[in-house]
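Source file: final.tsv; contents: TSV, C-alpha atoms and all ligand atoms.
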chain	number	residue	atom	x	y	z
A	78	MET	CA	0.00	0.00	0.00
A	79	ASN	CA	1.25	3.50	-0.73
A	80	ALA	CA	2.77	5.80	1.87
A	81	PRO	CA	0.12	7.91	3.65
A	82	LEU	CA	-0.73	11.25	2.09
A	83	LEU	CA	-2.04	12.47	5.39
A	84	ASP	CA	-1.75	11.23	8.92
A	85	VAL	CA	-5.26	10.82	10.25
A	86	ARG	CA	-4.79	7.52	12.11
A	87	PRO	CA	-4.66	9.30	15.51
A	88	LEU	CA	-8.24	10.41	14.84
A	89	LEU	CA	-9.19	6.73	14.67
A	90	ASP	CA	-7.90	6.17	18.20
A	91	VAL	CA	-11.42	6.72	19.52
A	92	PRO	CA	-12.55	3.09	19.23
A	93	PRO	CA	-15.90	2.28	17.65
A	94	VAL	CA	-18.51	0.78	20.00
A	95	LEU	CA	-18.83	-2.82	18.87
A	96	ASP	CA	-20.51	-4.59	21.79
A	97	VAL	CA	-23.97	-3.17	21.03
A	98	PRO	CA	-26.15	-3.79	17.96
A	99	PRO	CA	-24.83	-1.98	14.87
A	100	LEU	CA	-26.16	1.47	14.07
A	101	LEU	CA	-26.95	0.38	10.52
A	102	ASP	CA	-27.78	-3.12	9.34
A	103	VAL	CA	-28.50	-3.44	5.62
A	104	GLN	CA	-29.59	-6.79	4.20
A	105	GLY	CA	-30.11	-7.56	0.53
A	106	LEU	CA	-30.50	-3.98	-0.70
A	107	THR	CA	-31.54	-4.24	-4.34
A	108	LEU	CA	-32.33	-1.24	-6.52
A	109	CYS	CA	-33.73	-1.49	-10.04
A	110	ARG	CA	-34.12	1.32	-12.53
A	111	GLY	CA	-36.43	-0.21	-15.10
A	112	ASP	CA	-34.86	-3.55	-15.95
A	113	LYS	CA	-31.41	-2.47	-14.75
A	114	ARG	CA	-30.45	-3.99	-11.41
A	115	ILE	CA	-28.15	-1.20	-10.20
A	116	LEU	CA	-27.69	-2.64	-6.69
A	117	ASP	CA	-27.84	-6.40	-6.40
A	118	GLY	CA	-28.36	-7.70	-2.87
A	119	VAL	CA	-26.00	-5.37	-0.99
A	120	SER	CA	-25.57	-6.30	2.69
A	121	MET	CA	-23.51	-4.34	5.19
A	122	THR	CA	-23.37	-3.32	8.84
A	123	LEU	CA	-21.92	-0.24	10.46
A	124	GLY	CA	-21.07	0.04	14.15
A	125	ARG	CA	-21.57	3.09	16.32
A	126	GLY	CA	-18.61	5.43	15.90
A	127	GLU	CA	-17.30	3.36	13.01
A	128	THR	CA	-16.00	4.70	9.70
A	129	LEU	CA	-16.61	2.66	6.56
A	130	ALA	CA	-15.15	3.22	3.09
A	131	LEU	CA	-17.18	2.29	0.01
A	132	VAL	CA	-14.77	1.73	-2.87
A	133	GLY	CA	-15.02	0.48	-6.43
A	134	GLU	CA	-14.76	1.73	-9.99
A	135	SER	CA	-17.04	4.37	-11.41
A	136	GLY	CA	-20.56	3.00	-11.76
A	137	ALA	CA	-20.15	0.45	-8.95
A	138	GLY	CA	-23.19	1.88	-7.15
A	139	LYS	CA	-21.43	3.70	-4.29
A	140	SER	CA	-23.46	6.91	-4.61
A	141	THR	CA	-26.62	4.92	-5.25
A	142	ILE	CA	-26.22	3.18	-1.87
A	143	ALA	CA	-25.78	6.54	-0.13
A	144	PHE	CA	-28.73	8.12	-1.97
A	145	ALA	CA	-30.98	5.11	-1.27
A	146	LEU	CA	-30.10	5.10	2.44
A	147	MET	CA	-30.76	8.86	2.61
A	148	GLY	CA	-34.21	8.43	1.05
A	149	LEU	CA	-33.20	10.54	-1.93
A	150	ILE	CA	-34.43	8.14	-4.61
A	151	GLY	CA	-38.13	8.49	-5.35
A	152	ALA	CA	-40.46	5.55	-5.98
A	153	LYS	CA	-40.94	6.74	-9.58
A	154	GLU	CA	-37.18	6.66	-10.23
A	155	ALA	CA	-36.45	3.13	-9.02
A	156	THR	CA	-37.79	0.20	-7.05
A	157	ILE	CA	-35.93	-0.69	-3.89
A	158	GLU	CA	-36.06	-4.02	-2.08
A	159	GLY	CA	-34.27	-5.35	0.96
A	160	ARG	CA	-34.15	-4.14	4.53
A	161	ALA	CA	-32.12	-1.44	6.27
A	162	ARG	CA	-32.43	-1.15	10.03
A	163	PHE	CA	-31.07	2.15	11.37
A	164	ASP	CA	-30.84	2.39	15.16
A	165	ASP	CA	-34.47	2.28	16.37
A	166	VAL	CA	-35.91	2.61	12.86
A	167	ALA	CA	-36.91	-0.92	11.80
A	168	ASP	CA	-36.57	-0.38	8.06
A	169	LEU	CA	-35.43	2.68	6.12
A	170	VAL	CA	-36.61	1.07	2.88
A	171	ALA	CA	-40.21	1.11	4.14
A	172	LEU	CA	-40.23	4.77	5.26
A	173	ASP	CA	-42.64	7.27	3.74
A	174	GLU	CA	-41.68	10.89	3.01
A	175	LYS	CA	-42.85	12.01	6.46
A	176	GLY	CA	-40.59	9.41	8.07
A	177	TRP	CA	-37.65	10.51	5.94
A	178	ALA	CA	-38.23	14.17	6.76
A	179	ALA	CA	-37.89	13.36	10.47
A	180	LEU	CA	-34.59	11.56	9.92
A	181	ARG	CA	-32.83	13.38	7.09
A	182	GLY	CA	-30.68	16.26	8.24
A	183	GLN	CA	-31.20	15.37	11.89
A	184	ARG	CA	-30.03	11.80	12.26
A	185	LEU	CA	-28.74	11.07	8.76
A	186	ALA	CA	-26.83	13.68	6.79
A	187	MET	CA	-24.73	13.86	3.67
A	188	VAL	CA	-21.76	15.81	2.36
A	189	PHE	CA	-22.07	15.83	-1.42
A	190	GLN	CA	-19.21	15.48	-3.89
A	191	ASP	CA	-19.46	18.94	-5.38
A	192	ALA	CA	-20.27	21.64	-2.86
A	193	GLY	CA	-20.40	24.22	-5.68
A	194	SER	CA	-23.49	22.53	-7.12
A	195	ALA	CA	-25.00	21.34	-3.83
A	196	LEU	CA	-25.13	24.82	-2.28
A	197	ASN	CA	-27.88	27.09	-3.57
A	198	PRO	CA	-26.20	29.98	-5.48
A	199	SER	CA	-29.14	32.33	-4.78
A	200	TYR	CA	-28.82	32.34	-1.00
A	201	THR	CA	-25.99	33.33	1.31
A	202	VAL	CA	-24.28	30.48	3.14
A	203	GLY	CA	-25.65	31.96	6.38
A	204	ALA	CA	-29.23	31.82	5.09
A	205	GLN	CA	-28.76	28.19	4.08
A	206	LEU	CA	-27.20	27.17	7.39
A	207	ILE	CA	-29.69	29.14	9.51
A	208	SER	CA	-32.61	27.71	7.55
A	209	VAL	CA	-31.49	24.14	8.40
A	210	LEU	CA	-31.10	25.04	12.09
A	211	ARG	CA	-34.52	26.70	12.24
A	212	ARG	CA	-36.39	24.01	10.30
A	213	LYS	CA	-34.74	20.96	11.79
A	214	LEU	CA	-34.00	22.09	15.35
A	215	GLY	CA	-36.73	24.72	15.73
A	216	LEU	CA	-34.25	27.40	16.85
A	217	GLY	CA	-35.24	31.08	16.93
A	218	ARG	CA	-33.60	33.48	14.47
A	219	ASN	CA	-30.96	34.84	16.88
A	220	GLU	CA	-30.18	31.49	18.41
A	221	ALA	CA	-29.81	29.93	14.95
A	222	ARG	CA	-27.47	32.73	13.88
A	223	THR	CA	-25.26	32.28	16.95
A	224	ARG	CA	-25.15	28.51	16.37
A	225	ALA	CA	-24.36	29.06	12.66
A	226	VAL	CA	-21.33	31.19	13.59
A	227	THR	CA	-20.12	28.51	16.02
A	228	LEU	CA	-20.57	25.81	13.37
A	229	LEU	CA	-18.62	27.75	10.75
A	230	GLU	CA	-15.85	28.37	13.28
A	231	SER	CA	-15.77	24.65	14.14
A	232	VAL	CA	-15.10	23.78	10.50
A	233	GLY	CA	-12.21	26.25	10.36
A	234	ILE	CA	-13.83	29.27	8.71
A	235	ASN	CA	-12.31	32.53	9.91
A	236	ASP	CA	-14.43	35.66	10.40
A	237	ALA	CA	-17.43	33.35	10.56
A	238	ALA	CA	-19.91	36.12	11.43
A	239	VAL	CA	-18.88	38.04	8.30
A	240	ARG	CA	-18.85	34.92	6.11
A	241	LEU	CA	-22.51	34.28	6.90
A	242	SER	CA	-23.34	37.02	4.38
A	243	ALA	CA	-21.24	35.50	1.59
A	244	TYR	CA	-22.80	33.79	-1.42
A	245	PRO	CA	-21.30	30.40	-2.34
A	246	HIS	CA	-19.53	31.81	-5.43
A	247	GLU	CA	-17.65	34.25	-3.19
A	248	LEU	CA	-15.93	31.34	-1.39
A	249	SER	CA	-13.12	29.07	-2.55
A	250	GLY	CA	-13.85	25.38	-3.30
A	251	GLY	CA	-12.33	24.36	0.03
A	252	MET	CA	-14.42	26.92	1.93
A	253	GLN	CA	-17.58	25.79	0.13
A	254	GLN	CA	-16.85	22.20	1.13
A	255	ARG	CA	-16.34	23.33	4.75
A	256	VAL	CA	-19.74	25.05	4.64
A	257	MET	CA	-21.26	21.78	3.32
A	258	VAL	CA	-19.68	19.91	6.23
A	259	ALA	CA	-21.07	22.51	8.66
A	260	ILE	CA	-24.58	22.15	7.18
A	261	ALA	CA	-24.35	18.34	7.28
A	262	LEU	CA	-23.21	18.39	10.91
A	263	ALA	CA	-25.59	21.15	11.99
A	264	CYS	CA	-27.98	18.76	13.74
A	265	ASP	CA	-25.35	16.34	15.12
A	266	PRO	CA	-26.38	13.41	12.90
A	267	ASP	CA	-25.73	9.83	14.07
A	268	LEU	CA	-24.60	8.86	10.58
A	269	LEU	CA	-22.86	10.99	7.98
A	270	PHE	CA	-22.46	10.00	4.33
A	271	ALA	CA	-19.51	11.70	2.67
A	272	ASP	CA	-19.75	11.04	-1.08
A	273	GLU	CA	-16.28	11.74	-2.47
A	274	PRO	CA	-16.17	14.91	-0.40
A	275	THR	CA	-12.77	15.97	-1.64
A	276	SER	CA	-12.53	14.86	-5.25
A	277	ALA	CA	-12.99	18.43	-6.55
A	278	LEU	CA	-10.25	19.81	-4.29
A	279	ASP	CA	-6.47	19.88	-4.39
A	280	VAL	CA	-4.49	17.42	-2.27
A	281	THR	CA	-3.72	19.76	0.65
A	282	ILE	CA	-7.33	20.84	1.02
A	283	GLN	CA	-8.44	17.19	0.64
A	284	ALA	CA	-6.43	16.25	3.71
A	285	GLN	CA	-7.93	19.12	5.70
A	286	ILE	CA	-11.52	18.26	4.78
A	287	VAL	CA	-11.12	14.53	5.46
A	288	SER	CA	-9.49	15.28	8.83
A	289	LEU	CA	-12.26	17.73	9.61
A	290	ILE	CA	-15.02	15.20	8.86
A	291	LEU	CA	-13.24	12.56	10.96
A	292	GLU	CA	-12.70	14.96	13.87
A	293	GLN	CA	-16.27	16.11	13.86
A	294	THR	CA	-17.80	12.65	13.65
A	295	ARG	CA	-15.43	10.57	15.81
A	296	ALA	CA	-15.42	13.10	18.62
A	297	ARG	CA	-19.19	12.68	18.99
A	298	GLY	CA	-19.22	8.91	18.52
A	299	ALA	CA	-21.05	9.34	15.21
A	300	SER	CA	-20.58	6.93	12.32
A	301	CYS	CA	-19.43	7.85	8.85
A	302	ILE	CA	-19.62	6.23	5.42
A	303	PHE	CA	-17.00	7.65	3.06
A	304	VAL	CA	-17.44	7.04	-0.67
A	305	LEU	CA	-13.93	7.01	-2.06
A	306	HIS	CA	-11.97	6.16	-5.18
A	307	ASP	CA	-8.66	6.32	-3.42
A	308	LEU	CA	-7.64	3.09	-1.64
A	309	ALA	CA	-4.72	4.78	0.10
A	310	LEU	CA	-7.06	7.39	1.57
A	311	ALA	CA	-9.52	4.67	2.57
A	312	SER	CA	-6.83	2.75	4.43
A	313	GLN	CA	-5.81	5.89	6.30
A	314	CYS	CA	-9.16	7.23	7.35
A	315	CYS	CA	-11.51	4.27	7.71
A	316	ASP	CA	-11.92	1.34	10.11
A	317	ARG	CA	-13.60	-0.88	7.56
A	318	ILE	CA	-13.92	-1.12	3.82
A	319	MET	CA	-16.52	-2.50	1.40
A	320	VAL	CA	-15.44	-3.24	-2.17
A	321	LEU	CA	-18.25	-3.00	-4.72
A	322	TYR	CA	-18.37	-4.05	-8.34
A	323	ALA	CA	-21.36	-3.39	-10.59
A	324	GLY	CA	-23.72	-3.17	-7.63
A	325	GLN	CA	-22.51	-6.34	-5.87
A	326	VAL	CA	-20.38	-6.54	-2.72
A	327	MET	CA	-17.17	-8.39	-3.52
A	328	GLU	CA	-15.22	-8.14	-0.26
A	329	ALA	CA	-15.69	-6.34	3.06
A	330	GLY	CA	-13.93	-6.20	6.39
A	331	ASP	CA	-11.33	-4.43	8.45
A	332	CYS	CA	-9.39	-2.02	6.21
A	333	ARG	CA	-5.99	-3.42	7.09
A	334	THR	CA	-7.12	-7.04	6.71
A	335	VAL	CA	-8.66	-6.45	3.30
A	336	LEU	CA	-6.09	-4.08	1.82
A	337	ASP	CA	-2.96	-5.73	3.20
A	338	ASP	CA	-4.02	-9.13	1.89
A	339	PRO	CA	-6.98	-8.95	-0.52
A	340	ARG	CA	-8.53	-12.36	-1.15
A	341	HIS	CA	-10.99	-11.31	-3.84
A	342	PRO	CA	-9.62	-11.14	-7.40
A	343	TYR	CA	-11.34	-7.78	-7.95
A	344	THR	CA	-9.91	-6.18	-4.79
A	345	ARG	CA	-6.52	-7.49	-5.83
A	346	LEU	CA	-6.90	-6.01	-9.30
A	347	LEU	CA	-8.10	-2.69	-7.89
A	348	LYS	CA	-5.14	-2.54	-5.53
A	349	SER	CA	-2.67	-3.39	-8.29
A	350	CYS	CA	-3.95	-0.43	-10.31
A	351	VAL	CA	-3.02	2.12	-7.68
A	352	LEU	CA	0.29	3.47	-8.93
A	353	GLU	CA	2.57	5.61	-6.90
A	354	ILE	CA	4.34	8.40	-8.75
A	355	GLY	CA	6.35	10.50	-6.32
A	356	ALA	CA	3.82	11.82	-3.84
A	357	GLU	CA	0.90	11.43	-6.21
A	358	ILE	CA	-1.47	8.53	-6.27
A	359	LEU	CA	-3.15	7.71	-9.54
A	360	ASP	CA	-6.17	5.43	-9.72
A	361	ASP	CA	-6.54	3.74	-13.08
A	362	PRO	CA	-9.42	1.41	-13.67
A	363	PRO	CA	-8.41	-2.21	-14.23
A	364	GLU	CA	-8.35	-3.27	-17.87
A	365	GLY	CA	-11.63	-3.81	-19.63
A	366	GLY	CA	-14.91	-2.36	-18.51
A	367	VAL	CA	-17.95	-3.15	-16.47
A	368	PRO	CA	-20.38	-5.08	-18.71
A	369	SER	CA	-23.56	-3.32	-19.76
A	370	TYR	CA	-26.68	-4.19	-17.78
A	371	ASP	CA	-28.01	-6.12	-20.80
A	372	ALA	CA	-24.96	-8.40	-20.76
A	373	MET	CA	-24.47	-8.68	-16.99
A	374	PRO	CA	-23.65	-12.26	-15.89
A	375	ALA	CA	-26.38	-13.82	-13.77
A	376	GLY	CA	-23.80	-15.00	-11.23
A	377	CYS	CA	-20.67	-13.07	-10.23
A	378	ARG	CA	-20.73	-9.80	-12.15
A	379	PHE	CA	-16.94	-9.71	-12.23
A	380	ALA	CA	-16.82	-12.99	-14.17
A	381	THR	CA	-16.26	-11.29	-17.56
A	382	ARG	CA	-12.98	-9.79	-16.37
A	383	CYS	CA	-11.81	-12.17	-13.71
A	384	PRO	CA	-8.50	-13.97	-14.26
A	385	ARG	CA	-9.59	-16.74	-11.86
A	386	ALA	CA	-13.11	-17.33	-13.21
A	387	LEU	CA	-14.42	-20.90	-13.09
A	388	PRO	CA	-17.16	-22.29	-15.33
A	389	ARG	CA	-19.77	-21.88	-12.55
A	390	CYS	CA	-18.93	-18.20	-11.84
A	391	ALA	CA	-21.00	-16.49	-14.54
A	392	ALA	CA	-24.09	-18.58	-13.83
A	393	GLU	CA	-24.03	-19.05	-10.09
A	394	ARG	CA	-23.68	-16.15	-7.73
A	395	PRO	CA	-21.21	-16.74	-4.89
A	396	PRO	CA	-22.71	-15.92	-1.48
A	397	LEU	CA	-21.14	-13.21	0.65
A	398	ALA	CA	-19.68	-15.40	3.38
A	399	GLU	CA	-17.09	-15.26	6.15
A	400	PHE	CA	-13.65	-16.16	4.78
A	401	ASP	CA	-10.27	-15.57	6.39
A	402	GLY	CA	-11.47	-12.80	8.72
A	403	ARG	CA	-13.54	-10.87	6.21
A	404	ALA	CA	-16.74	-11.19	4.15
A	405	LEU	CA	-16.05	-12.49	0.67
A	406	ALA	CA	-18.17	-13.32	-2.38
A	407	CYS	CA	-16.04	-15.56	-4.56
A	408	TRP	CA	-15.96	-19.19	-5.72
A	409	ASN	CA	-12.20	-19.14	-6.22
A	410	PRO	CA	-10.48	-16.68	-3.83
A	411	THR	CA	-6.82	-15.86	-4.22
B	501	LIG	N1	-30.68	8.29	-12.79
B	501	LIG	C1	-30.12	7.17	-13.30
B	501	LIG	N2	-30.74	6.48	-14.30
B	501	LIG	C2	-30.20	5.35	-14.80
B	501	LIG	N3	-29.03	4.82	-14.38
B	501	LIG	C3	-28.39	5.46	-13.38
B	501	LIG	C4	-28.89	6.66	-12.79
B	501	LIG	N4	-28.02	7.04	-11.81
B	501	LIG	C5	-27.03	6.12	-11.80
B	501	LIG	N5	-27.25	5.20	-12.75
B	501	LIG	C6	-26.40	4.03	-13.03
B	501	LIG	O1	-26.24	3.33	-11.80
B	501	LIG	C7	-24.94	2.79	-11.71
B	501	LIG	C8	-24.35	3.16	-10.37
B	501	LIG	O2	-24.14	4.57	-10.37
B	501	LIG	P1	-23.47	5.33	-9.15
B	501	LIG	O3	-23.54	6.78	-9.48
B	501	LIG	O4	-24.11	4.87	-7.89
B	501	LIG	O5	-21.98	4.79	-9.20
B	501	LIG	P2	-20.72	5.27	-8.37
B	501	LIG	O6	-20.07	4.04	-7.83
B	501	LIG	O7	-21.10	6.31	-7.37
B	501	LIG	O8	-19.79	5.86	-9.51
B	501	LIG	P3	-18.80	7.14	-9.49
B	501	LIG	O9	-17.55	6.64	-8.84
B	501	LIG	O10	-18.63	7.47	-10.92
B	501	LIG	O11	-19.47	8.24	-8.71
B	501	LIG	C9	-24.19	3.30	-12.90
B	501	LIG	O12	-24.10	2.29	-13.86
B	501	LIG	C10	-25.01	4.45	-13.42
B	501	LIG	O13	-24.89	4.56	-14.82
B	502	LIG	S1	-16.64	-15.77	-8.20
B	502	LIG	FE1	-15.42	-16.44	-9.94
B	502	LIG	S2	-15.53	-14.72	-11.38
B	502	LIG	FE2	-16.18	-13.95	-9.42
B	502	LIG	S3	-14.35	-13.14	-8.55
B	502	LIG	FE3	-14.50	-15.20	-7.79
B	502	LIG	S4	-13.34	-16.43	-9.23
B	502	LIG	FE4	-13.69	-14.47	-10.20
B	503	MG	MG	-20.67	8.32	-7.17

Any chance you could give the structure as structure tokens?
Amino acid sequence: MNAPLLDVRPLLDVPPVLDVPPLLDVQGLTLCRGDKRILDGVSMTLGRGETLALVGESGAGKSTIAFALMGLIGAKEATIEGRARFDDVADLVALDEKGWAALRGQRLAMVFQDAGSALNPSYTVGAQLISVLRRKLGLGRNEARTRAVTLLESVGINDAAVRLSAYPHELSGGMQQRVMVAIALACDPDLLFADEPTSALDVTIQAQIVSLILEQTRARGASCIFVLHDLALASQCCDRIMVLYAGQVMEAGDCRTVLDDPRHPYTRLLKSCVLEIGAEILDDPPEGGVPSYDAMPAGCRFATRCPRALPRCAAERPPLAEFDGRALACWNPT
């Protein structure tokens, strides 16, 4: 694995709470858009205070998982099956819009990939932050303003009281992303999704934003799901990792266990494609491409590219099962 770009391991010293039921328990999450099965039986758990990385090539379904578990995919857009228990909520998949409105922003929140597009250009950052605090926490105008200043300060924005009057376009990309983090954390959510929160930023700012998200979640015992392309970053900032390919979970477990010794041919291929050039990490997709949904194998979706494929692989889906200290879906592990 490559040398760390940033040293965030000390932030992981706060241990996750593992002797109580997980905060999130997803079983068989399947999402179809028309006849395309975008997510195919995704199962995962997340402990309280734990940080999980979702990794995989473009189109693997990482964002779709986050959007589905945030209730941001409407019934007209896709059908969703499976079960997702979240703390005392028996099943997120079964929630109606009223149920989602009570959770989203307060107990579940998201930092989107591109703060520039996620923030509303017509309103000042203060108006957007204060509106969340008033709507979700019922704060009065003055109280919300005071809390907004504190939140902006906590994410490292100087002259926070003055910055409240700034429009998003008046802030740098890094500052916009900090505002997004402040909005996402405004109501102290139990679970934060961070969907490639730094991909639009330069490396130095990336490190600051990732550290900031970790500080702000770990310190409160909150859990975080990072959607990442960068395996090196995942290994530095997450407790656990889940490797996805074409909407199926290939391998999942402790970050060190999985990345130090991947047992799934896809994880191995993904890891081998991370090249180190000086201090820069380049992620190149493994050779070939993800098959189209019309030509997707009925069994293991990686079968068309797998160097270890057996005759049964394309027809028979391997179950996600315990193997060598991690969860693995493969008929012929390395
Ligand atoms: N609105 C949509 N309609 C149809 N297909 C969609 C839609 N949104 C996503 N998809 C498809 O769903 C699959 C999963 O997409 P998703 O955006 O979740 O992948 P991802 O892993 O987040 O990729 P990236 O790393 O590029 O962000 C892709 O094949 C994508 O083309
Ligand atoms: S199940 Fe077969 S095709 Fe899929 S990763 Fe394992 S060996 Fe390769
Ligand atoms: Mg995505």

Exercise answer, 9 Å around ligand MG 503 (chain B) with all atoms listed in the file, as a ChimeraX atom specification: /A:135-141,143,190,272-273,304-305

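Around ligand LIG 502 (chain B), using all atoms listed in the file and a cut-off of 6 Å, the residues in contact are Pro342, Cys377, Phe379, Ala380, Cys383, Arg385, Ala386, Leu387, Cys390, Pro395, Cys407, Trp408, Asn409 and Pro410 of chain A.
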
Of the candidates A:Val239, A:Ala284, A:Leu321, A:Leu346, which one gets nearest to Ser120 in chain A if we count all atoms listed in the file? A:Leu321

Restricting the calculation to all atoms listed in the file, which member of A:Arg403, A:Ile150, A:Arg382, A:Ile157 is positioned closest to Ile318 in chain A? A:Arg403

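One distance worth recording is that between CA of Gln253 in chain A and atom O11 of ligand LIG 501 (chain B), which is 19.7 Å.
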
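For range 211-228 of chain A, the set of protein, DNA and RNA residues having any atom at most 6 Å away, when counting only C-alpha atoms and skipping those fewer than 2 positions along the same chain, is Ile207, Ser208, Val209, Glu230, Ser231, Ala237, Ala238 and Ala259 of chain A.
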
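Proximity ranking of A:Gly298, A:Pro339, A:Pro368, A:Gly330 relative to ligand LIG 501 (chain B) places A:Pro368 first, based on all atoms listed in the file.
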
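When CA of Leu336 in chain A is paired with CA of Asp316 in chain A, their separation reads 11.5 Å.
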
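With all atoms listed in the file as the atoms that count, the residue of A:Tyr370, A:Tyr200, A:Phe270, A:Phe163 with the shortest distance to ligand LIG 501 (chain B) is A:Tyr370.
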